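Text of input_25.csv (CSV, C-alpha atoms and all ligand atoms) as supplied:
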```
chain,number,residue,atom,x,y,z
A,26,MET,CA,2.4,-2.0,-27.9
A,27,TYR,CA,-1.2,-3.2,-27.5
A,28,PRO,CA,-3.6,-1.4,-27.9
A,29,LEU,CA,-1.4,1.1,-29.6
A,30,GLU,CA,0.9,0.5,-32.5
A,31,ASP,CA,4.1,-1.6,-32.2
A,32,GLY,CA,6.8,0.4,-30.4
A,33,ALA,CA,4.4,3.0,-29.1
A,34,PHE,CA,4.4,3.5,-25.3
A,35,ALA,CA,3.1,6.9,-24.1
A,36,PRO,CA,3.3,10.6,-25.1
A,37,ILE,CA,6.0,12.0,-22.9
A,38,ASN,CA,5.8,15.8,-23.4
A,39,HIS,CA,2.6,16.1,-21.3
A,40,TRP,CA,1.7,16.6,-17.7
A,41,TYR,CA,0.8,13.6,-15.7
A,42,VAL,CA,-0.4,13.2,-12.1
A,43,ALA,CA,2.5,12.0,-10.0
A,44,ALA,CA,0.9,11.8,-6.6
A,45,TRP,CA,-1.8,13.1,-4.3
A,46,THR,CA,-0.1,16.0,-2.5
A,47,SER,CA,-1.2,14.3,0.8
A,48,GLU,CA,1.1,11.4,-0.2
A,49,ILE,CA,4.2,13.7,-0.3
A,50,SER,CA,5.9,14.4,3.0
A,51,ARG,CA,9.3,14.7,4.6
A,52,THR,CA,9.6,10.9,4.0
A,53,PRO,CA,10.8,10.5,0.4
A,54,LEU,CA,8.4,8.7,-1.9
A,55,GLU,CA,9.6,6.6,-4.9
A,56,ARG,CA,7.4,6.5,-8.0
A,57,VAL,CA,8.1,5.4,-11.5
A,58,ILE,CA,6.6,7.8,-14.1
A,59,LEU,CA,6.8,6.7,-17.7
A,60,ASP,CA,9.7,4.5,-17.0
A,61,HIS,CA,11.5,7.4,-15.1
A,62,PRO,CA,12.2,6.5,-11.5
A,63,VAL,CA,11.4,9.6,-9.5
A,64,VAL,CA,11.8,10.5,-5.8
A,65,LEU,CA,9.3,13.0,-4.5
A,66,TYR,CA,9.5,14.9,-1.2
A,67,ARG,CA,8.4,18.1,0.5
A,68,LYS,CA,10.7,20.9,1.1
A,69,GLU,CA,10.8,22.8,4.4
A,70,ASP,CA,8.7,25.6,3.0
A,71,GLY,CA,6.0,23.0,2.0
A,72,GLY,CA,6.9,23.1,-1.7
A,73,PHE,CA,7.8,20.0,-3.6
A,74,ALA,CA,10.9,18.4,-5.0
A,75,ALA,CA,10.9,15.8,-7.8
A,76,LEU,CA,14.3,14.3,-8.6
A,77,ALA,CA,15.6,11.3,-10.5
A,78,GLY,CA,15.2,8.4,-8.1
A,79,PHE,CA,18.6,6.7,-8.2
A,80,CYS,CA,21.9,8.1,-6.9
A,81,PRO,CA,24.3,8.9,-9.8
A,82,HIS,CA,27.2,7.4,-7.7
A,83,ARG,CA,26.3,3.8,-7.5
A,84,GLY,CA,22.6,3.7,-8.3
A,85,PHE,CA,21.2,3.4,-4.7
A,86,PRO,CA,17.5,4.3,-4.6
A,87,LEU,CA,17.3,7.8,-3.1
A,88,ALA,CA,13.8,7.2,-1.6
A,89,LYS,CA,15.6,5.2,1.0
A,90,GLY,CA,17.5,8.3,2.0
A,91,ALA,CA,16.9,11.0,4.5
A,92,LEU,CA,16.2,14.7,4.1
A,93,ILE,CA,18.8,17.2,5.5
A,94,GLY,CA,16.9,20.5,5.2
A,95,ASP,CA,15.8,20.6,1.6
A,96,ASP,CA,18.6,18.3,0.4
A,97,ILE,CA,18.3,14.5,0.1
A,98,GLU,CA,21.1,12.3,1.4
A,99,CYS,CA,21.9,9.0,-0.2
A,100,PRO,CA,22.2,6.5,2.6
A,101,TYR,CA,25.0,4.5,0.8
A,102,HIS,CA,27.9,6.9,0.8
A,103,GLY,CA,26.3,10.1,1.9
A,104,LEU,CA,26.2,12.2,-1.3
A,105,ARG,CA,23.6,15.0,-0.9
A,106,PHE,CA,21.5,16.6,-3.6
A,107,ALA,CA,19.5,19.8,-3.6
A,108,PRO,CA,15.9,20.1,-5.1
A,109,ASP,CA,17.4,21.5,-8.3
A,110,GLY,CA,19.5,18.3,-8.7
A,111,ALA,CA,22.8,19.8,-7.8
A,112,CYS,CA,25.2,17.7,-5.7
A,113,THR,CA,25.9,19.7,-2.6
A,114,LEU,CA,28.2,17.3,-0.8
A,115,VAL,CA,30.5,14.3,-1.5
A,116,PRO,CA,31.7,13.3,2.0
A,117,SER,CA,34.8,11.4,0.7
A,118,GLN,CA,36.3,14.3,-1.3
A,119,ASP,CA,36.5,18.1,-1.4
A,120,THR,CA,35.2,18.6,-5.0
A,121,VAL,CA,32.0,17.5,-6.6
A,122,PRO,CA,32.5,15.8,-10.1
A,123,ALA,CA,30.9,18.0,-12.7
A,124,ALA,CA,28.7,15.2,-14.0
A,125,CYS,CA,27.4,14.4,-10.5
A,126,ARG,CA,24.0,15.8,-10.5
A,127,LEU,CA,20.4,14.5,-10.7
A,128,ARG,CA,17.7,15.4,-13.1
A,129,SER,CA,15.1,17.6,-11.5
A,130,TYR,CA,11.6,17.4,-12.9
A,131,PRO,CA,9.1,20.2,-13.3
A,132,VAL,CA,6.1,19.8,-11.0
A,133,ALA,CA,2.9,21.8,-10.4
A,134,GLU,CA,0.2,21.5,-7.7
A,135,ARG,CA,-3.4,21.6,-8.9
A,136,TRP,CA,-6.4,20.7,-6.7
A,137,GLN,CA,-5.2,17.8,-4.5
A,138,TRP,CA,-2.6,16.4,-6.7
A,139,LEU,CA,0.9,17.0,-8.0
A,140,TRP,CA,1.5,17.0,-11.7
A,141,ILE,CA,4.8,16.2,-13.2
A,142,TRP,CA,6.5,16.6,-16.6
A,143,VAL,CA,9.1,14.0,-17.4
A,144,GLY,CA,9.5,15.1,-21.1
A,145,ASP,CA,11.6,17.9,-22.5
A,146,PRO,CA,11.7,20.5,-19.6
A,147,ALA,CA,11.8,23.4,-22.1
A,148,LEU,CA,8.3,22.4,-23.2
A,149,ALA,CA,6.8,22.2,-19.6
A,150,ASP,CA,4.2,24.9,-19.9
A,151,GLU,CA,1.7,24.8,-16.9
A,152,ALA,CA,-1.0,26.2,-19.2
A,153,LEU,CA,-1.1,22.7,-20.7
A,154,ILE,CA,-2.4,21.2,-17.4
A,155,PRO,CA,-6.2,20.6,-17.8
A,156,ASP,CA,-8.3,23.5,-16.4
A,157,HIS,CA,-9.4,22.2,-13.0
A,158,LEU,CA,-12.2,24.7,-12.6
A,159,ALA,CA,-13.7,23.9,-16.0
A,160,ALA,CA,-13.4,20.2,-15.1
A,161,ARG,CA,-15.4,21.0,-11.9
A,162,LEU,CA,-12.7,19.8,-9.5
A,163,THR,CA,-12.3,23.2,-8.0
A,164,ASP,CA,-15.8,24.4,-8.8
A,165,PRO,CA,-17.3,25.8,-5.5
A,166,GLU,CA,-20.6,24.2,-6.4
A,167,TYR,CA,-19.0,20.8,-5.7
A,168,ARG,CA,-17.3,19.2,-2.8
A,169,SER,CA,-14.6,16.9,-4.1
A,170,ALA,CA,-12.2,14.7,-2.3
A,171,GLY,CA,-9.4,12.6,-3.7
A,172,GLY,CA,-7.0,10.2,-2.0
A,173,ASN,CA,-7.6,6.8,-3.5
A,174,TYR,CA,-4.5,5.4,-5.1
A,175,TYR,CA,-3.9,2.1,-6.9
A,176,GLU,CA,-0.8,0.5,-8.4
A,177,VAL,CA,-2.5,-0.8,-11.6
A,178,PRO,CA,-1.4,-4.4,-12.4
A,179,GLY,CA,-1.7,-3.7,-16.1
A,180,ARG,CA,-0.7,-1.2,-18.8
A,181,TYR,CA,-2.1,2.3,-18.6
A,182,MET,CA,-4.1,2.1,-21.8
A,183,LEU,CA,-6.3,-0.7,-20.2
A,184,MET,CA,-7.4,1.9,-17.6
A,185,HIS,CA,-8.2,4.5,-20.3
A,186,ASP,CA,-10.2,1.7,-22.2
A,187,ASN,CA,-12.0,1.0,-19.0
A,188,LEU,CA,-12.8,4.6,-18.1
A,189,LEU,CA,-14.0,5.3,-21.6
A,190,ASP,CA,-16.2,2.3,-21.6
A,191,LEU,CA,-19.2,3.1,-19.4
A,192,ASN,CA,-21.0,0.0,-20.7
A,193,HIS,CA,-19.1,-2.1,-18.3
A,194,VAL,CA,-20.7,-0.3,-15.3
A,195,PRO,CA,-23.9,-2.3,-15.0
A,196,PHE,CA,-22.1,-5.6,-15.5
A,197,LEU,CA,-18.6,-5.5,-13.9
A,198,HIS,CA,-20.0,-3.4,-11.1
A,199,ARG,CA,-23.4,-5.0,-10.8
A,200,ASN,CA,-22.7,-5.8,-7.1
A,201,THR,CA,-21.4,-2.3,-6.3
A,202,PHE,CA,-22.6,0.9,-8.0
A,203,GLY,CA,-23.8,-0.7,-11.2
A,204,GLY,CA,-27.5,-0.4,-10.5
A,205,ASP,CA,-30.1,-2.5,-12.2
A,206,GLY,CA,-28.0,-4.8,-14.3
A,207,GLY,CA,-28.1,-2.7,-17.4
A,208,GLY,CA,-31.6,-3.5,-18.9
A,209,ALA,CA,-32.0,0.1,-19.9
A,210,ILE,CA,-28.6,0.8,-21.4
A,211,GLN,CA,-28.3,3.2,-24.4
A,212,LEU,CA,-25.4,3.3,-26.7
A,213,PRO,CA,-23.1,6.2,-25.7
A,214,GLU,CA,-23.1,9.3,-27.7
A,215,VAL,CA,-19.5,10.1,-28.4
A,216,THR,CA,-17.7,13.2,-29.7
A,217,ALA,CA,-13.9,13.8,-29.9
A,218,GLY,CA,-11.9,16.8,-30.5
A,219,ASP,CA,-8.4,18.2,-29.9
A,220,GLY,CA,-7.0,16.0,-27.2
A,221,HIS,CA,-10.4,15.1,-25.7
A,222,VAL,CA,-13.2,12.6,-25.9
A,223,ILE,CA,-16.7,13.3,-24.5
A,224,CYS,CA,-19.0,10.4,-24.0
A,225,THR,CA,-22.6,10.5,-22.9
A,226,PHE,CA,-24.4,7.5,-21.6
A,227,THR,CA,-28.0,7.4,-20.3
A,228,GLN,CA,-30.1,5.1,-18.2
A,229,PRO,CA,-33.4,6.8,-18.7
A,230,ASN,CA,-35.5,4.8,-16.3
A,231,ILE,CA,-33.9,2.7,-13.5
A,232,GLU,CA,-34.5,2.2,-9.9
A,233,CYS,CA,-32.3,4.4,-7.8
A,234,PRO,CA,-29.3,2.2,-6.9
A,235,PRO,CA,-29.1,1.5,-3.1
A,236,PHE,CA,-26.0,3.5,-2.5
A,237,LEU,CA,-27.5,6.6,-4.2
A,238,CYS,CA,-30.7,6.2,-2.2
A,239,ALA,CA,-28.6,6.5,0.9
A,240,LEU,CA,-26.8,9.5,-0.4
A,241,LEU,CA,-29.7,11.3,-1.9
A,242,GLY,CA,-32.4,10.4,0.7
A,243,TYR,CA,-34.6,9.1,-2.1
A,244,SER,CA,-35.7,5.8,-3.4
A,245,GLY,CA,-37.7,5.2,-6.5
A,246,PRO,CA,-37.3,5.6,-10.3
A,247,VAL,CA,-34.5,7.8,-11.6
A,248,SER,CA,-33.1,8.9,-14.9
A,249,ARG,CA,-29.3,8.8,-14.8
A,250,LYS,CA,-26.9,10.3,-17.2
A,251,TYR,CA,-23.1,10.0,-17.3
A,252,THR,CA,-21.1,12.5,-19.3
A,253,SER,CA,-17.5,11.4,-19.4
A,254,TYR,CA,-14.7,13.9,-20.2
A,255,PHE,CA,-11.3,12.5,-21.1
A,256,HIS,CA,-8.6,15.2,-21.1
A,257,ALA,CA,-5.9,13.1,-22.8
A,258,PRO,CA,-3.5,11.8,-21.8
A,259,CYS,CA,-4.2,11.6,-18.1
A,260,LEU,CA,-7.5,13.0,-16.7
A,261,HIS,CA,-11.0,11.6,-16.8
A,262,VAL,CA,-13.9,13.4,-15.1
A,263,ILE,CA,-17.3,11.7,-15.2
A,264,LEU,CA,-20.3,13.9,-14.4
A,265,ASP,CA,-23.0,11.6,-13.1
A,266,SER,CA,-26.4,13.4,-13.0
A,267,ILE,CA,-29.3,11.8,-11.2
A,268,GLU,CA,-32.9,13.0,-11.7
A,269,LYS,CA,-36.0,11.9,-10.0
A,270,LEU,CA,-38.4,10.3,-12.6
A,271,ASP,CA,-42.1,10.2,-12.7
A,272,PRO,CA,-42.6,7.2,-15.0
A,273,ALA,CA,-46.2,8.1,-15.7
A,274,THR,CA,-45.5,11.5,-17.2
A,275,GLY,CA,-41.8,11.2,-18.0
A,276,GLN,CA,-41.1,14.3,-16.0
A,277,THR,CA,-37.8,14.6,-14.2
A,278,ALA,CA,-36.4,16.8,-11.4
A,279,PRO,CA,-32.7,17.0,-10.5
A,280,LEU,CA,-31.6,15.1,-7.4
A,281,GLY,CA,-27.9,15.8,-7.6
A,282,ASN,CA,-24.7,15.3,-9.5
A,283,LEU,CA,-21.7,13.1,-8.6
A,284,LEU,CA,-18.2,13.6,-10.0
A,285,HIS,CA,-16.1,10.5,-10.6
A,286,ILE,CA,-12.6,11.8,-10.9
A,287,HIS,CA,-9.8,9.6,-12.3
A,288,ALA,CA,-6.2,10.2,-13.4
A,289,VAL,CA,-4.1,7.5,-15.0
A,290,THR,CA,-0.3,7.8,-15.3
A,291,PRO,CA,1.9,5.3,-17.1
A,292,ALA,CA,4.5,3.7,-14.7
A,293,THR,CA,6.3,0.9,-16.6
A,294,HIS,CA,5.2,-0.7,-19.9
A,295,ASP,CA,2.8,-3.0,-18.0
A,296,THR,CA,1.9,-1.1,-14.9
A,297,ALA,CA,0.3,2.2,-14.1
A,298,HIS,CA,-0.7,4.6,-11.4
A,299,TYR,CA,-4.4,5.3,-10.8
A,300,PHE,CA,-5.7,8.2,-8.7
A,301,GLN,CA,-9.4,8.3,-7.9
A,302,GLY,CA,-11.7,10.7,-6.1
A,303,GLU,CA,-15.3,11.7,-5.9
A,304,GLY,CA,-17.3,14.9,-5.8
A,305,GLN,CA,-20.9,15.8,-5.3
A,306,ASN,CA,-23.1,19.0,-5.5
A,307,PHE,CA,-26.1,18.1,-3.5
A,308,SER,CA,-25.0,18.3,0.2
A,309,HIS,CA,-23.2,21.4,1.2
A,310,SER,CA,-24.5,20.9,4.7
A,311,GLU,CA,-22.5,17.7,5.1
A,312,PRO,CA,-18.9,18.7,4.4
A,313,CYS,CA,-17.7,15.1,5.0
A,314,LEU,CA,-20.1,13.5,2.5
A,315,SER,CA,-17.5,13.4,-0.3
A,316,GLU,CA,-15.0,12.0,2.1
A,317,ALA,CA,-17.4,9.4,3.3
A,318,PHE,CA,-18.3,8.5,-0.2
A,319,ARG,CA,-14.7,8.3,-1.3
A,320,SER,CA,-13.6,6.0,1.6
A,321,SER,CA,-16.7,3.8,1.5
A,322,GLU,CA,-16.4,0.1,1.3
A,323,MET,CA,-18.6,0.2,-1.8
A,324,VAL,CA,-16.3,2.5,-3.8
A,325,ARG,CA,-13.2,0.5,-2.8
A,326,ALA,CA,-15.0,-2.7,-3.8
A,327,ALA,CA,-15.9,-1.1,-7.2
A,328,LEU,CA,-12.3,0.0,-7.8
A,329,ASP,CA,-11.1,-3.5,-7.0
A,330,GLU,CA,-13.4,-4.8,-9.7
A,331,ASP,CA,-11.7,-2.5,-12.2
A,332,MET,CA,-8.3,-3.5,-11.0
A,333,SER,CA,-9.2,-7.1,-11.3
A,334,ALA,CA,-10.4,-6.7,-14.8
A,335,THR,CA,-7.2,-4.8,-15.8
A,336,ARG,CA,-5.0,-7.5,-14.2
A,337,LEU,CA,-6.9,-10.3,-16.0
A,338,ILE,CA,-6.8,-8.5,-19.4
A,339,GLU,CA,-3.0,-7.8,-19.0
A,340,ARG,CA,-2.7,-11.5,-18.4
A,341,SER,CA,-4.6,-12.2,-21.6
A,342,ILE,CA,-2.2,-9.9,-23.5
A,343,LYS,CA,0.8,-11.7,-22.1
A,344,VAL,CA,-0.8,-15.1,-23.1
A,345,HIS,CA,-1.1,-13.7,-26.6
A,346,GLN,CA,2.6,-12.5,-26.7
A,347,GLY,CA,1.6,-8.9,-26.5
A,348,ARG,CA,-1.0,-8.9,-29.2
A,349,LEU,CA,-4.6,-9.3,-28.2
A,350,PRO,CA,-7.2,-10.3,-30.9
A,351,GLU,CA,-10.3,-8.3,-30.2
A,352,ILE,CA,-13.7,-7.6,-31.7
A,353,LEU,CA,-14.7,-4.1,-31.3
A,354,LEU,CA,-18.4,-3.2,-30.8
A,355,LYS,CA,-20.3,0.0,-31.5
A,356,ALA,CA,-20.2,0.7,-27.7
A,357,ASP,CA,-16.3,0.8,-27.9
A,358,LYS,CA,-16.3,4.0,-30.0
A,359,ALA,CA,-15.1,6.2,-27.1
A,360,ALA,CA,-12.3,3.8,-26.2
A,361,VAL,CA,-11.2,3.6,-29.8
A,362,LEU,CA,-11.2,7.4,-30.1
A,363,GLY,CA,-9.2,7.6,-26.9
A,364,ARG,CA,-6.6,5.2,-28.3
A,365,ARG,CA,-6.4,7.2,-31.5
A,366,ILE,CA,-5.8,10.5,-29.6
A,367,ILE,CA,-3.0,8.9,-27.5
A,368,GLN,CA,-1.5,7.4,-30.6
A,369,ALA,CA,-1.7,10.7,-32.5
A,370,MET,CA,0.1,12.4,-29.5
A,371,ILE,CA,2.9,9.8,-29.7
A,372,ASP,CA,3.1,10.2,-33.5
A,373,ALA,CA,3.3,14.0,-33.2
A,374,GLU,CA,6.2,13.7,-30.8
A,375,ALA,CA,8.0,11.2,-33.0
A,376,GLU,CA,7.6,13.6,-36.0
A,377,GLN,CA,9.0,16.6,-34.0
A,378,ALA,CA,11.9,14.5,-32.8
B,1,LIG,S1,25.4,5.2,-4.1
B,1,LIG,FE1,24.7,7.0,-3.4
B,1,LIG,S2,26.3,7.9,-2.4
B,1,LIG,FE2,27.1,6.1,-3.2
B,2,FE,FE,-15.3,0.5,-13.7
```

Can you present the structure in this file as structure tokens?
Amino acid sequence: MYPLEDGAFAPINHWYVAAWTSEISRTPLERVILDHPVVLYRKEDGGFAALAGFCPHRGFPLAKGALIGDDIECPYHGLRFAPDGACTLVPSQDTVPAACRLRSYPVAERWQWLWIWVGDPALADEALIPDHLAARLTDPEYRSAGGNYYEVPGRYMLMHDNLLDLNHVPFLHRNTFGGDGGGAIQLPEVTAGDGHVICTFTQPNIECPPFLCALLGYSGPVSRKYTSYFHAPCLHVILDSIEKLDPATGQTAPLGNLLHIHAVTPATHDTAHYFQGEGQNFSHSEPCLSEAFRSSEMVRAALDEDMSATRLIERSIKVHQGRLPEILLKADKAAVLGRRIIQAMIDAEAEQA
């Protein structure tokens, strides 16, 4: 399916972010992951359970149920299930039918989110989760905070296209963090390798955008460089480096780095989950700065701009019966490489199958 080949949806034998751990409590949470309805909840010891989301008896959504210790009880006829998926109680009879069990999904906690594997459980190797220290999310030099969650009103690939396309920033986000309208845009430098795309984009001489002035305590010319790392198929981390610029000499001096952290997980064929956070390395004396930045009106407004673009393009795809004619530009190289990597992952799984 657009922008992938016909019949292709998403690579399944990979880890995806299912939720912020802060979203998961003793109140069950329903979330569809790659067309798998899943119910997530916290066990009494603080660990996590991820079970198929519908009761095998009559299909009632288990997220409507209650927790009895570590078991979840279906509110329709009271069947109970343990975190490993075993049915522990059928109130209306003494025996549990052999087939009466739920699928239990492998999960792993990293940084502030819970990763899930809905593919073949025998292949669920936690070493395949992106290295969060290398990605700077757990780097002690940075203070990073997550917590933004969106239900994306469009297919997941539109979000990957968006995040690999930094040329939209000065335009779509001109009223939020987009800076000076893009007069100084350079074409991104793009490299791709095994399961990743790295894209570098520079604004060599712009006025410091107002929200950065407030954060950095500086106003005047800056040189700004974004380096975007896409760890396919889920995680994007954009390193946003801001340097003070002396336009007369061209000399620069570091002011600080921001991290723009994004995870995109396919939900259904035309919806997705989007998890977003922010980090920074310039204010360790202000422990709440990341939090303030994350929850700022400006960040939420900017994310709304991306959601709106995604919803509108999804509408265009529907108008074109699932096929969208498009003219790709040089600046789309990173997005195209990202599409190819995802398609290659899907193809590799089809070959193995
Ligand atoms: S549908 Fe869940 S117990 Fe009957
Ligand atoms: Fe954007």

May I ask you to write as a PyMOL selection string all residues lying at most 12 Å from ligand LIG 1 (chain B), with only C-alpha atoms and all ligand atoms counted? chain A and resi 78-91+97-106+112-118+121+125-127

Environment of ligand FE 2 (chain B) within 7 Å, counting all atoms listed in the file, reported as a VMD selection string: chain A and resid 187 to 188 193 to 194 197 to 198 327 to 328 330 to 331

Long-range neighbours of His287 in chain A as a ChimeraX atom specification, 10 Å cut-off, only C-alpha atoms, 6 positions minimum in chain: /A:171,173-174,184-185,188,255,259-263,299-303

Here is a test: counting all atoms listed in the file, which residue of A:Asp329, A:Thr201, A:Gly363, A:Ala257 is nearest to Pro235 in chain A?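 Closest candidate: A:Thr201.
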
Taking only C-alpha atoms into account, name the residue in A:Tyr175, A:Tyr130, A:Trp142, A:Tyr181 that is nearest to Ile37 in chain A.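 Comparing A:Tyr175, A:Tyr130, A:Trp142, A:Tyr181 against Ile37 in chain A, the winner is A:Trp142.
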
Need to verify the contact set: Val132 in chain A, 9 Å, all atoms listed in the file, exclusion of same-chain residues closer than 2 positions in sequence. Can you return it as a list in words?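 Those residues are Trp40, Ala43, Phe73, Ala74, Ala75, Tyr130, Glu134, Leu139, Trp140, Ile141, Trp142, Ala149 and Glu151 of chain A.
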
Distance CA of Asn200 in chain A-CA of Arg325 in chain A, one decimal place?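 CA of Arg325 in chain A lies 12.2 Å from CA of Asn200 in chain A.
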
Give me, as a list in words, all polymer residues having an atom no more than 7 Å from Leu280 in chain A, counting only C-alpha atoms and skipping those fewer than 6 positions away in the same chain.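 So, after excluding close chain neighbours, the residues are Leu241, Ile267, Glu268 and Lys269 of chain A.
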
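With only C-alpha atoms as the atoms that count, the residue of A:Ser47, A:Gln368, A:Gln377, A:Thr163 with the shortest distance to Gly220 in chain A is A:Gln368.
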
Between A:Arg340, A:His221, A:Arg168, A:Arg364, which one has atoms that come closest to Trp136 in chain A, using all atoms listed in the file?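 Ranking A:Arg340, A:His221, A:Arg168, A:Arg364 by distance to Trp136 in chain A, first place goes to A:Arg168.
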
Find the residues near Cys233 in chain A: any atom within 8 Å, counting all atoms listed in the file, skip ones fewer than 5 places away on the same chain, and give them as number ranges by chain. A: 204, 238, 243-247

Residue with smallest distance to Ala359 in chain A - pool A:Thr216, A:His256, A:Glu374, A:Ile286, counting all atoms listed in the file: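 Nearest to Ala359 in chain A: A:Thr216.
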
Best match for closeness to Val177 in chain A among A:Ile367, A:Val42, A:Val361, A:Ala297, counting all atoms listed in the file: A:Ala297

For Trp45 in chain A, please output as a VMD selection string all residues within 7 Å (counting all atoms listed in the file; exclusion window: fewer than 3 positions along the same chain). chain A and resid 48 137 to 139 172

Restricted to C-alpha atoms, what would the selected residues look like written as a short mmCIF file (atom, residue, chain, number, x, y, z; two decimals), in the frame of the given file?
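And here's again-v6.cif as it stands now:
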```
data_model
loop_
_atom_site.label_atom_id
_atom_site.label_comp_id
_atom_site.auth_asym_id
_atom_site.auth_seq_id
_atom_site.Cartn_x
_atom_site.Cartn_y
_atom_site.Cartn_z
CA GLU A 48 1.10 11.40 -0.20
CA GLN A 137 -5.20 17.80 -4.50
CA TRP A 138 -2.60 16.40 -6.70
CA LEU A 139 0.90 17.00 -8.00
CA GLY A 172 -7.00 10.20 -2.00
#
```
